[in-house]
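Structure first, commentary second.
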Amino acid sequence: MAKKYYKDMAEILAEIHRGSEMDFSDSSDSESGGSEEETVTQDVDPVHHQQEEESEASGRSSPQPPPTLDIQPPVSPSEASPLLSSDHEEDEDVDYAPPPRSSSRRRFASSSPGSSSPEKPTKRGRGRGCGPGRRGQASKRPKLAARDFEPQQGRWRTKEEPDVEPPTPQFEPKHQPGPRIDTNVKWSPLSLFKLFFSSSSLHSIINNTNANAVRRLAQGSKYKWFPLSVDSFYIFLSIILFFGLVHVHSRADFWRREWPYQFVFPKSSMSRDRFEAIFWSLHLSDVTEDEENERKRGTPQFDRLFKIKPLYGEIVNACNSLFQPYQNITVDERMVASKARIGFRQYMKDKPTKFGYKLFVLADSKTGYTSNFFVYQGKDKSKVKLRGQKDDGLSVTSVMDLMRFDLLGKGYHLYVDNFYSSPLLFNKLLKNHTAACGTIRTNREGFPRTTINDLPKKPERGDMRWIREGNLLFARWMDTKVVNLCSTFHKAYSGATVLRRVKRPDGNWHRAPVDVPDACRDYNINMGGVDLSDALIHYYSVHGKTMRWYKTFFYHFIDIAVVNSYILHKAVSSSHNQAPMSHKQFREVLMREMVEQAKALVAEATPRPSLTNTCMPVFRGSTGTQDRRKCVVCAAKEKVKAKQMPGYKIRDMKTPLYCSRCNVSLCLVPDRNCFLEYHSMGLQK
């Protein structure tokens with residue numbers, strides 16, 4: 001066995017030795033009947049080849065030594081990749097022993113016809129040396145950086161170079177910007193809130209809650225339940241708004257009688273057991289349809305958001321129709337805090353609320369009005385993607401879904417952050433007569449890859465560069481770090497400045513004006529529309545702890561309705577030249593009006609003994625002697641006499657008659673017509 005092994009090794013070494021002594025020639029020389037001395041020319045990269053051509057061109061003007069060809073064995077792309085990525089080390093040829101080759105592969109040709117030199121090729125040195133000169137002398141290639149292989153698209157321009165004014169769509173909204181309600185009418189906080197929580201929505205929630213309570217009781221739940229009515233639901237909503245103004249550790253503390261939890265409200269309007277019973281039974285969707293949807297779980301027909309419908313759709317439609325945004329609008333995400341174990345809960349590490357449900361929101365930059373929104377349900381796994389088909393991505397589809405061009409109109413300026421910004425999205429918006437501006441990531445497809453005249457390695461604060469590609473403006477500006485922006489309606493620079501802290505030569509810091517691109521200046525002013533809306537919601541949010549995910553959305557829908565109602569109130573007050581209420585005062589008045597509305601509904605529903613709406617005398621009993629009561633007019637007269645005459649004994653003047661409308665007992669006899677006297681004095685109700 002060992003003899004065979006050494007015999008095979010000897011044959012292999014002999015074959016390698018014979019292969020190292022073979023002569024190689026250029027295929028171009030052999031085809032043209034070249035000299036007997038043959039040379040191998042290998043493919044080189046474009047940059048290195050260009051440098052060789054330049055050196056040859058310079059060699060024609062002045063005598064130079066014959067060029068040396070750096071001959072390397074063919075390398076696979078996977079082995080050649082480190083050469084492209086490394087720009088810090090000089091690559092040197094290592095010793096190479098060619099493997100045994102057949103006679104049919106002894107000649108190699110260059111991959112490009114232009115790679116052959118008109119001069120006489122030099123003969124390759126034999127042995128282990130890699131160069132044409134002395135044996136063992138290694139040839140050095142020029143260092144290659146990654147940017148040498150990037151397409152060079154123009155160059156970055158400085159702020160001193162002028163830019164053209166891009167064509168901007170004219171602002172033509174569908175309606176006059178502002179509230180789309182009659183501002184000449186006096187709107188109370190409750191009347192504005194009812195625009196979002198309509199009467200049909202309230203009755204739908206009440207009916208579904210009653211049906212859910214019956215189902216829970218049938219399943220074995222034990223709690224007292226009375227059918228929910230409109231007046232009770234208004235009291236329930238007012239208590240929820242009270243939770244946003246006053247915070248306690250436990251919800252039950254609002255009904256405690258011990259110090260310091262001696263709250264007059266809500267225990268004066270509703271008991272704790274009644275509130276908890278309504279909250280436990282609260283249901284937004286139809287119970288029977290909900291059960292049918294649950295049977296579809298795991299299929300494409302299953303609707304994840306069915307439990308928050310139809311309130312979800314009605315709130316979105318109300319937000320779209322009650323306010324026309326001004327020219328500057330913004331799109332951003334909003335997180336509704338929750339740690340429920342449900343499939344479409346999201347995690348966003350850069351948000352103050354990291355766990356919860358993600359909403360994509362379109363808001364007005366000036367007022368913070370939530371104009372449109374939708375709940376993100378996660379990646380659609382049921383969608384079949386064809387091979388080679390390229391999706392636009394969530395950053396594009398979310399914006400296009402929020403932009404209701406049929407309701408908004410033309411000429412809007414949309415501001416987005418770097419999650420959404422891309423040349424693809426901006427061009428789509430421009431086709432719909434909407435301009436866009438936002439920060440952008442440098443790895444986005446379409447962002448300029450050129451490094452010619454780019455920002456220096458350590459730029460000063462206020463340095464900027466820009467490139468225009470049609471309607472798209474790409475700008476880079478140095479603030480505390482480099483900010484990259486893209487816009488379709490801004491010039492590069494028009495002399496705008498911002499105040500920033502700048503370090504003096506002596507080492508001290510001071511505030512000084514710093515040059516800023518127009519796109520960055522307007523972005524900082526108008527990008528905070530969704531942030532303003534979030535701030536107004538979180539000031540007095542009614543969000544509370546719950547075990548049901550759809551109740552979390554019910555809380556959030558109340559917050560959206562109250563904040564949007566408050567924004568409409570401010571717009572109506574400004575049209576009347578009146579000072580609007582504060583946000584806190586608006587919520588307090590809304591609570592009081594809900595309680596008063598509930599009392600009015602109870603009073604209207606209370607049956608009266610009257611037979612008609614006209615004041616008429618009616619007997620209480622079947623005869624004139626049954627159910628006689630004191631006459632209110634005679635009793636008042638007797639009290640006056642008792643005050644004027646000390647020791648006067650008050651007489652009880654009783655009558656079997658009463659007023660059918662006022663429901664008061666009155667005498668009607670020939671000598672005392674208290675019925676006529678009572679109504680002539682205007683004492684009737």
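In the structure tokens, each chain is lettered A, B, ... as it comes, each chain's residues begin at 1, and ligands are numbered from 1 in order of appearance.
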Contacts of Lys174 of chain A within 12 Å, only C-alpha atoms, excl. fewer than 6 positions in-chain, as a ChimeraX atom specification: /A:180,321,323-327,404-412
Saved selection, atoms kept: C-alpha atoms, as an mmCIF file, in the first residue's frame:
```cif
data_model
loop_
_atom_site.group_PDB
_atom_site.id
_atom_site.type_symbol
_atom_site.label_atom_id
_atom_site.label_comp_id
_atom_site.auth_asym_id
_atom_site.auth_seq_id
_atom_site.Cartn_x
_atom_site.Cartn_y
_atom_site.Cartn_z
ATOM 1 C CA ARG A 180 -65.868 71.527 6.874
ATOM 2 C CA SER A 321 -64.780 64.409 5.878
ATOM 3 C CA PHE A 323 -61.595 68.823 8.097
ATOM 4 C CA GLN A 324 -59.691 69.841 4.948
ATOM 5 C CA PRO A 325 -55.937 69.889 5.697
ATOM 6 C CA TYR A 326 -53.818 72.903 4.911
ATOM 7 C CA GLN A 327 -51.062 72.697 2.294
ATOM 8 C CA ARG A 404 -56.730 60.091 -0.601
ATOM 9 C CA PHE A 405 -56.145 62.207 -3.697
ATOM 10 C CA ASP A 406 -59.869 62.200 -4.510
ATOM 11 C CA LEU A 407 -60.580 63.935 -1.172
ATOM 12 C CA LEU A 408 -57.447 66.069 -0.807
ATOM 13 C CA GLY A 409 -56.876 67.625 -4.228
ATOM 14 C CA LYS A 410 -53.679 68.872 -5.855
ATOM 15 C CA GLY A 411 -50.591 70.779 -4.797
ATOM 16 C CA TYR A 412 -50.061 69.415 -1.288
#
```
Per residue of segment 570-614 of chain A within 10 Å of segment 264-286 of chain A, which atom pair is closest and at what distance in Å (one decimal), using only C-alpha atoms, listed by chain and increasing number, as JSON lines?
```
{"residue": "A:Val595", "atom": "CA", "partner": "A:Ser269", "partner_atom": "CA", "distance": 8.0}
{"residue": "A:Ala598", "atom": "CA", "partner": "A:Ser269", "partner_atom": "CA", "distance": 9.8}
{"residue": "A:Lys599", "atom": "CA", "partner": "A:Ser269", "partner_atom": "CA", "distance": 9.7}
```
Residues within 9 Å of Ala512 of chain A, only C-alpha atoms, excluding chain neighbours under 6 positions, as number ranges by chain: A: 498-502
Store the residues picked out above, limited to all heavy atoms, as an mmCIF file, in the first residue's frame.
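What follows is the written file result-v4.cif:
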```cif
data_model
loop_
_atom_site.group_PDB
_atom_site.id
_atom_site.type_symbol
_atom_site.label_atom_id
_atom_site.label_comp_id
_atom_site.auth_asym_id
_atom_site.auth_seq_id
_atom_site.Cartn_x
_atom_site.Cartn_y
_atom_site.Cartn_z
ATOM 1 N N VAL A 498 -29.986 79.112 10.137
ATOM 2 C CA VAL A 498 -30.548 78.711 11.428
ATOM 3 C C VAL A 498 -29.508 78.984 12.505
ATOM 4 O O VAL A 498 -28.304 79.027 12.223
ATOM 5 C CB VAL A 498 -30.951 77.222 11.441
ATOM 6 C CG1 VAL A 498 -32.136 76.974 10.542
ATOM 7 C CG2 VAL A 498 -29.780 76.341 11.044
ATOM 8 N N LEU A 499 -29.973 79.161 13.731
ATOM 9 C CA LEU A 499 -29.059 79.411 14.845
ATOM 10 C C LEU A 499 -28.586 78.084 15.415
ATOM 11 O O LEU A 499 -29.391 77.209 15.752
ATOM 12 C CB LEU A 499 -29.758 80.231 15.927
ATOM 13 C CG LEU A 499 -30.041 81.703 15.580
ATOM 14 C CD1 LEU A 499 -30.788 82.385 16.727
ATOM 15 C CD2 LEU A 499 -28.735 82.438 15.292
ATOM 16 N N ARG A 500 -27.283 77.937 15.522
ATOM 17 C CA ARG A 500 -26.672 76.739 16.081
ATOM 18 C C ARG A 500 -25.505 77.140 16.980
ATOM 19 O O ARG A 500 -24.935 78.234 16.845
ATOM 20 C CB ARG A 500 -26.154 75.820 14.967
ATOM 21 C CG ARG A 500 -27.243 75.165 14.146
ATOM 22 C CD ARG A 500 -27.969 74.113 14.967
ATOM 23 N NE ARG A 500 -28.878 73.328 14.162
ATOM 24 C CZ ARG A 500 -30.149 73.630 13.937
ATOM 25 N NH1 ARG A 500 -30.669 74.737 14.457
ATOM 26 N NH2 ARG A 500 -30.920 72.832 13.205
ATOM 27 N N ARG A 501 -25.144 76.246 17.886
ATOM 28 C CA ARG A 501 -23.994 76.466 18.747
ATOM 29 C C ARG A 501 -22.735 76.131 17.967
ATOM 30 O O ARG A 501 -22.573 75.004 17.477
ATOM 31 C CB ARG A 501 -24.087 75.625 20.011
ATOM 32 C CG ARG A 501 -25.242 76.003 20.902
ATOM 33 C CD ARG A 501 -25.307 75.153 22.161
ATOM 34 N NE ARG A 501 -24.215 75.452 23.068
ATOM 35 C CZ ARG A 501 -23.234 74.629 23.367
ATOM 36 N NH1 ARG A 501 -23.169 73.437 22.792
ATOM 37 N NH2 ARG A 501 -22.278 74.964 24.214
ATOM 38 N N VAL A 502 -21.851 77.102 17.845
ATOM 39 C CA VAL A 502 -20.631 76.949 17.065
ATOM 40 C C VAL A 502 -19.446 77.246 17.980
ATOM 41 O O VAL A 502 -19.500 78.156 18.825
ATOM 42 C CB VAL A 502 -20.624 77.894 15.844
ATOM 43 C CG1 VAL A 502 -19.353 77.718 15.036
ATOM 44 C CG2 VAL A 502 -21.842 77.639 14.976
#
```
DSSP-assigned strand (DSSP E or B) among segment 440-618 of chain A, expressed as a ChimeraX atom specification: /A:464-469,472-478,482-487,497-503,509-515,617-618
Option closest in space to Lys551 of chain A, from A:Ile329, A:Val336, A:Leu425, A:Ile467 [counting only C-alpha atoms]: A:Val336
Given only C-alpha atoms, how would the per-residue table for segment 490-593 of chain A near segment 360-371 of chain A read, listing every residue at most 6 Å away with its closest atom pair and distance in Å to one decimal, sorted by chain and number, as a Markdown table?
```
| residue | atom | partner | partner_atom | distance |
| --- | --- | --- | --- | --- |
| A:Asn526 | CA | A:Ser365 | CA | 5.4 |
| A:Gly529 | CA | A:Ser365 | CA | 3.9 |
| A:Val530 | CA | A:Ala363 | CA | 5.5 |
| A:Leu532 | CA | A:Gly368 | CA | 5.2 |
| A:Ser533 | CA | A:Gly368 | CA | 4.6 |
| A:Asn564 | CA | A:Tyr369 | CA | 5.8 |
```
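If you measure from each of A:Pro162, A:Gly647, A:Gly298, A:Gly178 to Ala571 of chain A using only C-alpha atoms, the closest one turns out to be A:Gly178.
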Met527 of chain A surroundings by only C-alpha atoms, 6 Å radius, close-in-sequence under 2 positions cut, as a PyMOL selection string: chain A and resi 330+415+523-524+529
Prev. selection, C-alpha atoms, output as a short mmCIF file (atom, residue, chain, number, x, y, z; two decimals), in the first residue's frame:
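See selection08.cif below for the written result:
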```
data_model
loop_
_atom_site.label_atom_id
_atom_site.label_comp_id
_atom_site.auth_asym_id
_atom_site.auth_seq_id
_atom_site.Cartn_x
_atom_site.Cartn_y
_atom_site.Cartn_z
CA THR A 330 -47.08 64.78 7.16
CA TYR A 415 -43.20 65.63 4.61
CA TYR A 523 -38.67 69.90 7.00
CA ASN A 524 -37.89 70.94 10.59
CA GLY A 529 -47.79 67.13 12.48
#
```
Distance of atom CA of Ser229 of chain A from atom CA of Val246 of chain A, expressed in Å to one decimal place: 26.0 Å
Alpha helix (DSSP H) residues, from DSSP on the backbone, in segment 369-444 of chain A, as number ranges by chain: A: 394-402, 405-408, 423-431
Write a file of the selected residues as a JSON list (two decimals), in the first residue's frame, keeping N, CA and C atoms.
```json
[["chain", "number", "residue", "atom", "x", "y", "z"],
["A", 394, "LEU", "N", -43.50, 48.47, 1.97],
["A", 394, "LEU", "CA", -44.41, 49.11, 2.92],
["A", 394, "LEU", "C", -44.22, 50.62, 2.95],
["A", 395, "SER", "N", -43.00, 51.10, 2.76],
["A", 395, "SER", "CA", -42.75, 52.55, 2.81],
["A", 395, "SER", "C", -43.46, 53.30, 1.70],
["A", 396, "VAL", "N", -43.76, 52.64, 0.59],
["A", 396, "VAL", "CA", -44.46, 53.28, -0.52],
["A", 396, "VAL", "C", -45.96, 53.05, -0.43],
["A", 397, "THR", "N", -46.37, 51.81, -0.18],
["A", 397, "THR", "CA", -47.79, 51.50, -0.17],
["A", 397, "THR", "C", -48.52, 52.18, 0.99],
["A", 398, "SER", "N", -47.88, 52.32, 2.14],
["A", 398, "SER", "CA", -48.54, 52.97, 3.28],
["A", 398, "SER", "C", -48.86, 54.43, 2.98],
["A", 399, "VAL", "N", -47.93, 55.13, 2.34],
["A", 399, "VAL", "CA", -48.17, 56.54, 2.01],
["A", 399, "VAL", "C", -49.25, 56.66, 0.93],
["A", 400, "MET", "N", -49.18, 55.83, -0.08],
["A", 400, "MET", "CA", -50.17, 55.91, -1.16],
["A", 400, "MET", "C", -51.57, 55.55, -0.66],
["A", 401, "ASP", "N", -51.68, 54.67, 0.34],
["A", 401, "ASP", "CA", -52.99, 54.34, 0.90],
["A", 401, "ASP", "C", -53.55, 55.49, 1.73],
["A", 402, "LEU", "N", -52.69, 56.22, 2.42],
["A", 402, "LEU", "CA", -53.16, 57.34, 3.24],
["A", 402, "LEU", "C", -53.53, 58.57, 2.42],
["A", 405, "PHE", "N", -56.24, 61.10, -2.75],
["A", 405, "PHE", "CA", -56.14, 62.21, -3.70],
["A", 405, "PHE", "C", -57.52, 62.69, -4.14],
["A", 406, "ASP", "N", -58.53, 61.79, -4.12],
["A", 406, "ASP", "CA", -59.87, 62.20, -4.51],
["A", 406, "ASP", "C", -60.50, 63.12, -3.48],
["A", 407, "LEU", "N", -60.05, 63.06, -2.22],
["A", 407, "LEU", "CA", -60.58, 63.93, -1.17],
["A", 407, "LEU", "C", -59.68, 65.13, -0.90],
["A", 408, "LEU", "N", -58.38, 64.99, -1.13],
["A", 408, "LEU", "CA", -57.45, 66.07, -0.81],
["A", 408, "LEU", "C", -57.38, 67.11, -1.92],
["A", 423, "PRO", "N", -36.78, 57.88, -4.21],
["A", 423, "PRO", "CA", -37.14, 58.44, -5.51],
["A", 423, "PRO", "C", -38.38, 57.79, -6.11],
["A", 424, "LEU", "N", -38.59, 56.52, -5.84],
["A", 424, "LEU", "CA", -39.77, 55.84, -6.37],
["A", 424, "LEU", "C", -41.05, 56.45, -5.82],
["A", 425, "LEU", "N", -41.12, 56.65, -4.50],
["A", 425, "LEU", "CA", -42.30, 57.24, -3.88],
["A", 425, "LEU", "C", -42.51, 58.68, -4.34],
["A", 426, "PHE", "N", -41.44, 59.46, -4.37],
["A", 426, "PHE", "CA", -41.58, 60.88, -4.73],
["A", 426, "PHE", "C", -42.03, 61.05, -6.17],
["A", 427, "ASN", "N", -41.58, 60.19, -7.05],
["A", 427, "ASN", "CA", -42.03, 60.27, -8.44],
["A", 427, "ASN", "C", -43.50, 59.86, -8.56],
["A", 428, "LYS", "N", -43.93, 58.88, -7.78],
["A", 428, "LYS", "CA", -45.34, 58.51, -7.80],
["A", 428, "LYS", "C", -46.22, 59.64, -7.28],
["A", 429, "LEU", "N", -45.79, 60.29, -6.21],
["A", 429, "LEU", "CA", -46.55, 61.42, -5.68],
["A", 429, "LEU", "C", -46.59, 62.57, -6.68],
["A", 430, "LEU", "N", -45.49, 62.79, -7.38],
["A", 430, "LEU", "CA", -45.44, 63.88, -8.34],
["A", 430, "LEU", "C", -46.40, 63.64, -9.50],
["A", 431, "LYS", "N", -46.59, 62.37, -9.87],
["A", 431, "LYS", "CA", -47.57, 62.07, -10.92],
["A", 431, "LYS", "C", -48.99, 62.37, -10.47]]
```
